[in-house]
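Student: Here you go, this is model_22.txt (compact mmCIF, N, CA and C atoms and all ligand atoms).
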```
# COMPACT_ATOMS: atom_id res chain seq x y z
N MET A 224 -10.89 -19.91 -3.13
CA MET A 224 -9.78 -19.00 -3.45
C MET A 224 -10.09 -18.18 -4.70
N LYS A 225 -10.47 -18.89 -5.77
CA LYS A 225 -10.77 -18.19 -7.02
C LYS A 225 -12.00 -17.29 -6.86
N GLU A 226 -13.03 -17.79 -6.12
CA GLU A 226 -14.23 -16.99 -5.91
C GLU A 226 -13.89 -15.71 -5.15
N ASP A 227 -13.03 -15.84 -4.15
CA ASP A 227 -12.62 -14.67 -3.37
C ASP A 227 -11.89 -13.66 -4.26
N LEU A 228 -10.99 -14.16 -5.08
CA LEU A 228 -10.22 -13.28 -5.96
C LEU A 228 -11.14 -12.50 -6.89
N ASN A 229 -12.16 -13.17 -7.39
CA ASN A 229 -13.04 -12.52 -8.35
C ASN A 229 -13.80 -11.34 -7.76
N ASP A 230 -13.95 -11.31 -6.44
CA ASP A 230 -14.66 -10.22 -5.80
C ASP A 230 -13.78 -9.01 -5.50
N VAL A 231 -12.48 -9.18 -5.62
CA VAL A 231 -11.56 -8.11 -5.25
C VAL A 231 -11.70 -6.94 -6.21
N ARG A 232 -11.84 -5.76 -5.64
CA ARG A 232 -11.87 -4.55 -6.46
C ARG A 232 -10.46 -3.98 -6.56
N LEU A 233 -10.03 -3.69 -7.78
CA LEU A 233 -8.75 -3.04 -8.00
C LEU A 233 -8.90 -1.53 -7.84
N SER A 234 -10.12 -1.06 -8.13
CA SER A 234 -10.49 0.35 -8.00
C SER A 234 -12.01 0.36 -7.97
N PRO A 235 -12.65 1.52 -7.76
CA PRO A 235 -14.12 1.51 -7.61
C PRO A 235 -14.88 0.80 -8.72
N HIS A 236 -14.43 0.87 -9.98
CA HIS A 236 -15.20 0.29 -11.08
C HIS A 236 -14.56 -0.91 -11.76
N PHE A 237 -13.43 -1.39 -11.26
CA PHE A 237 -12.76 -2.50 -11.93
C PHE A 237 -12.44 -3.60 -10.93
N ARG A 238 -12.81 -4.84 -11.33
CA ARG A 238 -12.55 -5.99 -10.47
C ARG A 238 -11.38 -6.80 -11.01
N LEU A 239 -10.74 -7.50 -10.10
CA LEU A 239 -9.60 -8.33 -10.47
C LEU A 239 -10.02 -9.38 -11.51
N SER A 240 -11.25 -9.87 -11.38
CA SER A 240 -11.72 -10.92 -12.30
C SER A 240 -11.64 -10.48 -13.76
N GLU A 241 -11.87 -9.18 -14.01
CA GLU A 241 -11.81 -8.68 -15.38
C GLU A 241 -10.41 -8.77 -15.95
N PHE A 242 -9.42 -8.75 -15.07
CA PHE A 242 -8.01 -8.77 -15.50
C PHE A 242 -7.44 -10.18 -15.60
N LEU A 243 -8.11 -11.16 -14.96
CA LEU A 243 -7.55 -12.52 -14.90
C LEU A 243 -8.16 -13.49 -15.89
N ASN A 244 -9.48 -13.36 -16.13
CA ASN A 244 -10.16 -14.28 -17.02
C ASN A 244 -9.95 -15.73 -16.59
N LEU A 245 -10.23 -16.00 -15.31
CA LEU A 245 -9.97 -17.33 -14.73
C LEU A 245 -10.89 -18.41 -15.29
N LYS A 246 -12.05 -18.00 -15.80
CA LYS A 246 -12.95 -19.00 -16.39
C LYS A 246 -12.27 -19.68 -17.57
N LYS A 247 -11.61 -18.88 -18.38
CA LYS A 247 -10.93 -19.41 -19.56
C LYS A 247 -9.54 -19.93 -19.20
N TYR A 248 -8.85 -19.22 -18.29
CA TYR A 248 -7.47 -19.59 -17.93
C TYR A 248 -7.34 -19.75 -16.42
N PRO A 249 -7.74 -20.91 -15.87
CA PRO A 249 -7.71 -21.11 -14.41
C PRO A 249 -6.30 -20.99 -13.82
N GLU A 250 -5.29 -21.16 -14.65
CA GLU A 250 -3.90 -21.10 -14.16
C GLU A 250 -3.38 -19.66 -14.04
N ASN A 251 -4.20 -18.69 -14.43
CA ASN A 251 -3.71 -17.31 -14.55
C ASN A 251 -3.69 -16.57 -13.21
N MET A 252 -2.78 -17.00 -12.32
CA MET A 252 -2.73 -16.42 -10.98
C MET A 252 -1.61 -15.39 -10.85
N PRO A 253 -1.96 -14.17 -10.43
CA PRO A 253 -0.96 -13.09 -10.34
C PRO A 253 -0.20 -13.12 -9.02
N THR A 254 0.96 -12.51 -9.01
CA THR A 254 1.69 -12.26 -7.76
C THR A 254 1.05 -11.05 -7.08
N MET A 255 1.37 -10.85 -5.82
CA MET A 255 0.85 -9.67 -5.11
C MET A 255 1.34 -8.39 -5.77
N GLN A 256 2.59 -8.43 -6.24
CA GLN A 256 3.12 -7.24 -6.91
C GLN A 256 2.33 -6.93 -8.17
N ALA A 257 1.95 -7.98 -8.92
CA ALA A 257 1.17 -7.77 -10.14
C ALA A 257 -0.20 -7.18 -9.80
N VAL A 258 -0.81 -7.66 -8.71
CA VAL A 258 -2.10 -7.11 -8.29
C VAL A 258 -1.97 -5.63 -7.94
N ALA A 259 -0.91 -5.30 -7.22
CA ALA A 259 -0.67 -3.90 -6.87
C ALA A 259 -0.48 -3.07 -8.13
N ASN A 260 0.24 -3.61 -9.10
CA ASN A 260 0.45 -2.89 -10.37
C ASN A 260 -0.87 -2.67 -11.11
N MET A 261 -1.72 -3.70 -11.12
CA MET A 261 -3.02 -3.57 -11.79
C MET A 261 -3.88 -2.51 -11.12
N SER A 262 -3.83 -2.49 -9.80
CA SER A 262 -4.60 -1.50 -9.06
C SER A 262 -4.13 -0.08 -9.40
N TYR A 263 -2.82 0.07 -9.52
CA TYR A 263 -2.25 1.37 -9.91
C TYR A 263 -2.80 1.79 -11.29
N GLY A 264 -2.80 0.85 -12.23
CA GLY A 264 -3.29 1.14 -13.58
C GLY A 264 -4.76 1.52 -13.59
N CYS A 265 -5.54 0.82 -12.76
CA CYS A 265 -6.97 1.12 -12.68
C CYS A 265 -7.20 2.51 -12.11
N CYS A 266 -6.48 2.82 -11.04
CA CYS A 266 -6.67 4.12 -10.39
C CYS A 266 -6.16 5.28 -11.25
N GLN A 267 -5.01 5.10 -11.88
CA GLN A 267 -4.37 6.22 -12.59
C GLN A 267 -4.78 6.37 -14.04
N LEU A 268 -5.21 5.25 -14.67
CA LEU A 268 -5.57 5.33 -16.09
C LEU A 268 -7.03 4.93 -16.37
N LEU A 269 -7.42 3.75 -15.93
CA LEU A 269 -8.73 3.25 -16.35
C LEU A 269 -9.88 4.02 -15.70
N GLU A 270 -9.75 4.40 -14.45
CA GLU A 270 -10.84 5.18 -13.81
C GLU A 270 -10.98 6.56 -14.46
N PRO A 271 -9.88 7.30 -14.65
CA PRO A 271 -10.03 8.60 -15.34
C PRO A 271 -10.57 8.42 -16.76
N ALA A 272 -10.14 7.36 -17.45
CA ALA A 272 -10.63 7.11 -18.81
C ALA A 272 -12.12 6.80 -18.78
N ARG A 273 -12.53 6.00 -17.80
CA ARG A 273 -13.95 5.66 -17.66
C ARG A 273 -14.79 6.90 -17.39
N PHE A 274 -14.22 7.80 -16.61
CA PHE A 274 -14.93 9.05 -16.32
C PHE A 274 -15.19 9.82 -17.62
N MET A 275 -14.24 9.74 -18.56
CA MET A 275 -14.36 10.47 -19.83
C MET A 275 -15.29 9.79 -20.83
N VAL A 276 -15.24 8.46 -20.94
CA VAL A 276 -15.94 7.78 -22.04
C VAL A 276 -16.96 6.74 -21.59
N GLY A 277 -17.17 6.59 -20.29
CA GLY A 277 -18.13 5.58 -19.82
C GLY A 277 -17.48 4.22 -19.64
N PRO A 278 -18.29 3.19 -19.39
CA PRO A 278 -17.76 1.87 -19.06
C PRO A 278 -16.75 1.34 -20.07
N ILE A 279 -15.74 0.66 -19.56
CA ILE A 279 -14.64 0.16 -20.38
C ILE A 279 -14.56 -1.36 -20.24
N ILE A 280 -14.40 -2.04 -21.36
CA ILE A 280 -14.27 -3.49 -21.37
C ILE A 280 -12.79 -3.85 -21.41
N VAL A 281 -12.38 -4.72 -20.48
CA VAL A 281 -11.00 -5.21 -20.45
C VAL A 281 -11.00 -6.61 -21.08
N SER A 282 -10.37 -6.75 -22.22
CA SER A 282 -10.36 -8.07 -22.88
C SER A 282 -9.19 -8.91 -22.39
N SER A 283 -8.09 -8.26 -22.08
CA SER A 283 -6.93 -8.97 -21.56
C SER A 283 -6.19 -8.05 -20.61
N GLY A 284 -5.96 -8.54 -19.38
CA GLY A 284 -5.24 -7.74 -18.40
C GLY A 284 -3.96 -8.45 -18.02
N PHE A 285 -3.97 -9.12 -16.87
CA PHE A 285 -2.80 -9.87 -16.43
C PHE A 285 -2.68 -11.18 -17.21
N ARG A 286 -1.45 -11.56 -17.53
CA ARG A 286 -1.18 -12.87 -18.15
C ARG A 286 0.04 -13.50 -17.49
N CYS A 287 -0.16 -14.71 -16.93
CA CYS A 287 0.99 -15.47 -16.48
C CYS A 287 1.75 -15.95 -17.72
N GLU A 288 2.96 -16.46 -17.52
CA GLU A 288 3.81 -16.88 -18.65
C GLU A 288 3.06 -17.83 -19.59
N GLU A 289 2.34 -18.78 -19.00
CA GLU A 289 1.65 -19.79 -19.79
C GLU A 289 0.55 -19.16 -20.67
N VAL A 290 -0.25 -18.29 -20.05
CA VAL A 290 -1.32 -17.64 -20.81
C VAL A 290 -0.73 -16.72 -21.87
N ASN A 291 0.34 -16.03 -21.53
CA ASN A 291 0.97 -15.13 -22.49
C ASN A 291 1.45 -15.90 -23.73
N ARG A 292 1.98 -17.10 -23.49
CA ARG A 292 2.39 -17.96 -24.61
C ARG A 292 1.18 -18.36 -25.45
N LYS A 293 0.10 -18.76 -24.75
CA LYS A 293 -1.11 -19.23 -25.45
C LYS A 293 -1.69 -18.14 -26.36
N VAL A 294 -1.66 -16.91 -25.91
CA VAL A 294 -2.26 -15.84 -26.72
C VAL A 294 -1.25 -15.20 -27.67
N GLY A 295 -0.02 -15.71 -27.65
CA GLY A 295 0.99 -15.20 -28.56
C GLY A 295 1.52 -13.83 -28.20
N GLY A 296 1.53 -13.52 -26.90
CA GLY A 296 2.06 -12.24 -26.44
C GLY A 296 3.57 -12.18 -26.58
N VAL A 297 4.12 -10.97 -26.66
CA VAL A 297 5.58 -10.84 -26.76
C VAL A 297 6.21 -11.27 -25.44
N ARG A 298 7.48 -11.70 -25.48
CA ARG A 298 8.12 -12.34 -24.35
C ARG A 298 8.27 -11.41 -23.14
N ASN A 299 8.53 -10.14 -23.40
CA ASN A 299 8.71 -9.20 -22.29
C ASN A 299 7.45 -8.35 -22.07
N SER A 300 6.28 -8.92 -22.40
CA SER A 300 5.02 -8.18 -22.33
C SER A 300 4.77 -7.59 -20.94
N GLN A 301 4.28 -6.37 -20.90
CA GLN A 301 3.92 -5.75 -19.63
C GLN A 301 2.68 -6.42 -19.01
N HIS A 302 1.94 -7.18 -19.83
CA HIS A 302 0.82 -7.95 -19.30
C HIS A 302 1.31 -8.96 -18.23
N LEU A 303 2.55 -9.41 -18.35
CA LEU A 303 3.11 -10.42 -17.43
C LEU A 303 3.26 -9.89 -16.01
N ILE A 304 3.36 -8.58 -15.87
CA ILE A 304 3.60 -8.00 -14.54
C ILE A 304 2.46 -7.07 -14.10
N GLY A 305 1.32 -7.18 -14.78
CA GLY A 305 0.16 -6.38 -14.37
C GLY A 305 0.29 -4.91 -14.70
N GLN A 306 1.06 -4.61 -15.75
CA GLN A 306 1.24 -3.21 -16.13
C GLN A 306 0.65 -2.89 -17.50
N ALA A 307 -0.35 -3.67 -17.93
CA ALA A 307 -0.96 -3.40 -19.24
C ALA A 307 -2.36 -3.98 -19.29
N ALA A 308 -3.17 -3.43 -20.18
CA ALA A 308 -4.51 -3.96 -20.42
C ALA A 308 -4.90 -3.67 -21.87
N ASP A 309 -5.64 -4.59 -22.46
CA ASP A 309 -6.23 -4.38 -23.77
C ASP A 309 -7.69 -4.01 -23.52
N ILE A 310 -8.09 -2.85 -23.98
CA ILE A 310 -9.40 -2.31 -23.61
C ILE A 310 -10.14 -1.74 -24.81
N ARG A 311 -11.44 -1.56 -24.61
CA ARG A 311 -12.24 -0.79 -25.57
C ARG A 311 -13.43 -0.21 -24.81
N PRO A 312 -13.96 0.91 -25.27
CA PRO A 312 -15.13 1.47 -24.59
C PRO A 312 -16.35 0.62 -24.89
N MET A 313 -17.26 0.49 -23.93
CA MET A 313 -18.48 -0.28 -24.16
C MET A 313 -19.28 0.36 -25.29
N ASN A 314 -19.26 1.68 -25.34
CA ASN A 314 -19.90 2.42 -26.43
C ASN A 314 -18.88 2.63 -27.55
N PRO A 315 -19.03 1.92 -28.68
CA PRO A 315 -18.04 2.02 -29.76
C PRO A 315 -17.85 3.46 -30.25
N GLY A 316 -18.89 4.27 -30.12
CA GLY A 316 -18.80 5.66 -30.56
C GLY A 316 -17.82 6.49 -29.75
N GLN A 317 -17.36 5.94 -28.62
CA GLN A 317 -16.42 6.66 -27.75
C GLN A 317 -14.97 6.26 -28.02
N PHE A 318 -14.75 5.40 -29.00
CA PHE A 318 -13.39 4.88 -29.24
C PHE A 318 -12.38 6.01 -29.45
N GLN A 319 -12.70 6.92 -30.36
CA GLN A 319 -11.76 7.99 -30.69
C GLN A 319 -11.53 8.91 -29.49
N ASN A 320 -12.58 9.14 -28.71
CA ASN A 320 -12.42 9.97 -27.51
C ASN A 320 -11.48 9.31 -26.50
N LEU A 321 -11.58 7.98 -26.40
CA LEU A 321 -10.71 7.24 -25.50
C LEU A 321 -9.26 7.33 -25.96
N VAL A 322 -9.05 7.18 -27.26
CA VAL A 322 -7.69 7.30 -27.82
C VAL A 322 -7.14 8.69 -27.53
N GLU A 323 -7.94 9.70 -27.82
CA GLU A 323 -7.48 11.09 -27.65
C GLU A 323 -7.13 11.36 -26.18
N PHE A 324 -7.95 10.83 -25.29
CA PHE A 324 -7.69 11.05 -23.86
C PHE A 324 -6.38 10.39 -23.44
N LEU A 325 -6.21 9.13 -23.81
CA LEU A 325 -5.03 8.38 -23.34
C LEU A 325 -3.74 8.84 -24.02
N LYS A 326 -3.87 9.40 -25.22
CA LYS A 326 -2.70 9.91 -25.95
C LYS A 326 -1.93 10.95 -25.15
N THR A 327 -2.68 11.77 -24.43
CA THR A 327 -2.04 12.89 -23.75
C THR A 327 -2.05 12.73 -22.23
N TRP A 328 -2.63 11.64 -21.73
CA TRP A 328 -2.73 11.44 -20.28
C TRP A 328 -1.35 11.21 -19.69
N GLU A 329 -1.07 11.85 -18.56
CA GLU A 329 0.30 11.84 -18.03
C GLU A 329 0.78 10.45 -17.59
N TYR A 330 -0.14 9.54 -17.27
CA TYR A 330 0.27 8.23 -16.79
C TYR A 330 0.40 7.17 -17.89
N THR A 331 0.13 7.55 -19.14
CA THR A 331 0.22 6.58 -20.24
C THR A 331 1.67 6.24 -20.54
N ASP A 332 2.02 4.97 -20.37
CA ASP A 332 3.38 4.52 -20.68
C ASP A 332 3.46 4.15 -22.16
N GLN A 333 2.56 3.26 -22.58
CA GLN A 333 2.50 2.85 -23.98
C GLN A 333 1.04 2.81 -24.41
N LEU A 334 0.78 3.28 -25.63
CA LEU A 334 -0.57 3.21 -26.20
C LEU A 334 -0.46 2.71 -27.63
N LEU A 335 -1.01 1.53 -27.88
CA LEU A 335 -1.04 0.96 -29.22
C LEU A 335 -2.50 0.77 -29.59
N THR A 336 -2.91 1.26 -30.75
CA THR A 336 -4.32 1.16 -31.13
C THR A 336 -4.48 0.58 -32.53
N GLY A 337 -5.71 0.21 -32.82
CA GLY A 337 -6.05 -0.27 -34.16
C GLY A 337 -7.11 -1.34 -34.07
N ASN A 338 -7.87 -1.50 -35.13
CA ASN A 338 -8.82 -2.60 -35.21
C ASN A 338 -9.85 -2.59 -34.07
N GLY A 339 -10.16 -1.40 -33.56
CA GLY A 339 -11.17 -1.30 -32.51
C GLY A 339 -10.67 -1.57 -31.11
N TRP A 340 -9.35 -1.75 -30.95
CA TRP A 340 -8.80 -2.05 -29.64
C TRP A 340 -7.69 -1.09 -29.25
N LEU A 341 -7.47 -0.99 -27.94
CA LEU A 341 -6.34 -0.22 -27.42
C LEU A 341 -5.54 -1.10 -26.47
N HIS A 342 -4.23 -1.11 -26.65
CA HIS A 342 -3.32 -1.68 -25.65
C HIS A 342 -2.76 -0.49 -24.90
N ILE A 343 -2.97 -0.51 -23.58
CA ILE A 343 -2.48 0.59 -22.76
C ILE A 343 -1.59 0.03 -21.66
N SER A 344 -0.48 0.71 -21.38
CA SER A 344 0.38 0.24 -20.29
C SER A 344 0.75 1.39 -19.37
N TRP A 345 1.21 1.02 -18.18
CA TRP A 345 1.59 1.99 -17.15
C TRP A 345 2.79 1.45 -16.41
N ASN A 346 3.47 2.33 -15.69
CA ASN A 346 4.64 1.91 -14.93
C ASN A 346 4.67 2.63 -13.58
N PRO A 347 4.31 1.91 -12.51
CA PRO A 347 4.27 2.55 -11.18
C PRO A 347 5.66 2.93 -10.67
N PHE A 348 6.72 2.46 -11.32
CA PHE A 348 8.07 2.64 -10.79
C PHE A 348 8.92 3.64 -11.55
N GLY A 349 8.40 4.17 -12.65
CA GLY A 349 9.23 5.09 -13.43
C GLY A 349 8.41 6.09 -14.20
N LYS A 350 9.11 6.95 -14.89
CA LYS A 350 8.46 7.98 -15.69
C LYS A 350 7.80 7.34 -16.91
N PRO A 351 6.51 7.63 -17.17
CA PRO A 351 5.85 7.06 -18.36
C PRO A 351 6.59 7.46 -19.64
N ARG A 352 6.69 6.52 -20.58
CA ARG A 352 7.44 6.77 -21.83
C ARG A 352 6.63 7.56 -22.86
N HIS A 353 5.31 7.52 -22.74
CA HIS A 353 4.44 8.15 -23.75
C HIS A 353 4.79 7.65 -25.15
N TYR A 354 4.92 6.34 -25.26
CA TYR A 354 5.16 5.70 -26.56
C TYR A 354 3.80 5.45 -27.20
N ILE A 355 3.45 6.23 -28.22
CA ILE A 355 2.11 6.19 -28.81
C ILE A 355 2.20 5.69 -30.25
N ARG A 356 1.46 4.65 -30.58
CA ARG A 356 1.39 4.16 -31.96
C ARG A 356 -0.07 3.96 -32.36
N ILE A 357 -0.60 4.87 -33.17
CA ILE A 357 -1.99 4.80 -33.62
C ILE A 357 -2.06 3.98 -34.91
N GLY A 358 -3.00 3.05 -34.98
CA GLY A 358 -3.09 2.19 -36.15
C GLY A 358 -2.07 1.07 -36.14
N TYR A 359 -1.59 0.72 -34.95
CA TYR A 359 -0.57 -0.32 -34.77
C TYR A 359 -1.12 -1.70 -35.13
N TYR A 360 -2.36 -1.97 -34.68
CA TYR A 360 -3.00 -3.27 -34.97
C TYR A 360 -3.78 -3.18 -36.28
N LYS A 361 -3.48 -4.10 -37.21
CA LYS A 361 -4.15 -4.08 -38.52
C LYS A 361 -5.27 -5.11 -38.52
ZN ZN B 401 -1.89 -5.73 -24.76
```
Show this structure as structure tokens.
Tutor:
Amino acid sequence: MKEDLNDVRLSPHFRLSEFLNLKKYPENMPTMQAVANMSYGCCQLLEPARFMVGPIIVSSGFRCEEVNRKVGGVRNSQHLIGQAADIRPMNPGQFQNLVEFLKTWEYTDQLLTGNGWLHISWNPFGKPRHYIRIGYYK
């Protein structure tokens, strides 16, 4: 089951395994709705971003309640429903380009940056909020 899940592509360049981190958190199993939400995020945000800045590393994608507690995520985190990812470009020199791209991208719901990381969220069910906070993480 887990091996099968790891092979699933959410979009041409992103696999479900990158969003689940099952090696570290074997309990981190998403609902079908969460998988659909992640696929939406990959297609509408991460693929276009990758096109602009090259390969993107996903450090945290989906989090079940238990994993979200372990990592100290906020209670209503969009990570819980597959609508967020913490990312950085593989090439550190592309960080600012990635921020600039996502700042104005029409599908960006929330963008929080700082400390070399970006938290990006999306919402397949509503109008993106474009809530942008640069330097949020200290
Ligand atoms: Zn996050």
Student: Which residues, written as a ChimeraX atom specification, have at least one atom at most 8 Å from Val258 (chain A), with all atoms listed in the file counted and residues fewer than 6 positions away on the same chain left out?
Tutor: /A:233,239,264,304-306
Student: Write out as a PyMOL selection string which residues come within 6 Å of region 310-316 of chain A when counting only N, CA and C atoms, dropping same-chain ones fewer than 3 positions away.
Tutor: chain A and resi 277-283+319-320+339-343
Student: For ligand ZN 401 (chain B), which of A:Gln301, A:Asn346, A:Thr327, A:Asn244 is the closest residue, counting only N, CA and C atoms and all ligand atoms?
Tutor: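 Ranked by minimum distance to ligand ZN 401 (chain B), first place goes to A:Gln301.
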Student: When DSSP works through the backbone of this structure, what residues of chain A end up as strand (DSSP E), shown as a list of chain:residue names?
Tutor: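 Taking chain A and keeping strand (DSSP E) gives A:Arg232, A:Leu233, A:Ser234, A:Phe237, A:Arg238, A:Ile279, A:Ile280, A:Val281, A:Ser282, A:Ser283, A:Ala307, A:Ala308, A:Asp309, A:Ile310, A:Arg311, A:Pro312, A:Gln333, A:Leu334, A:Leu335, A:Thr336, A:Gly337, A:Trp340, A:Leu341, A:His342, A:Ile343, A:Ser344, A:Tyr354, A:Ile355, A:Arg356.
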Student: Identify, on the basis of all atoms listed in the file, every residue whose closest approach to region 284-290 of chain A does not exceed 8 Å; exclude the query and any residue fewer than 6 positions from it along the same chain; express the result as a list of chain:residue names.
Tutor: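 Neighbouring residues, sequence-local ones excluded: A:Glu241, A:Phe242, A:Leu243, A:Asn244, A:Tyr248, A:Glu250, A:Asn251, A:Met252, A:Pro253, A:Ala257, A:Met261, A:Gly296, A:Gln301, A:His302, A:Leu303, A:Ile304, A:Gly305, A:Gln306, A:Ala307, A:Ala308, A:Asp309, A:Ile310.
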Student: Please, what distance in Å, to one decimal, runs between CA of Tyr359 (chain A) and CA of Gln333 (chain A)?
Tutor: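 Distance between the two atoms: 11.7 Å.
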Student: Of the residues A:Thr331, A:Ser344, A:Ser234, A:Gln317, which is the one nearest to Cys266 (chain A), using only C-alpha atoms?
Tutor: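 That would be A:Ser234, the residue with the smallest distance to Cys266 (chain A).
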Student: Report, in Å to a single decimal, how far apart atom N of Arg292 (chain A) and CA of Trp328 (chain A) are.
Tutor: 29.1 Å
Student: Quick one: pick out all alpha helix (DSSP H) residues within region 225-361 of chain A from a backbone DSSP run and write them as number ranges by chain.
Tutor: A: 225-230, 239-243, 255-264, 270-276, 288-293, 318-327
Student: Counting only C-alpha atoms, which residue out of A:Tyr330, A:Tyr354, A:Phe348, A:Phe318 sits closest to Leu268 (chain A)?
Tutor: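 Between A:Tyr330, A:Tyr354, A:Phe348, A:Phe318, the residue approaching Leu268 (chain A) most closely is A:Tyr330.
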Student: My list of candidates is A:Leu269, A:Leu335, A:Met275, A:Leu245. Which is closest to ligand ZN 401 (chain B) when distances are computed with only C-alpha atoms and all ligand atoms?
Tutor: A:Leu335
Student: Identify which of the residues A:Gly349, A:Tyr360, A:Glu323, A:Ser240 lies closest to Thr336 (chain A), counting all atoms listed in the file when measuring atom-to-atom distances.
Tutor: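 Going through A:Gly349, A:Tyr360, A:Glu323, A:Ser240 one by one, the smallest distance to Thr336 (chain A) is for A:Tyr360.
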Student: Can you measure CA of Lys326 (chain A) to atom C of Arg273 (chain A) for me? One decimal in Å is fine.
Tutor: 15.1 Å
Student: So, with all atoms listed in the file as the atoms that count, which of A:Pro347, A:Lys247, A:Phe237, A:Val276 lies closest to Tyr263 (chain A)?
Tutor: A:Pro347
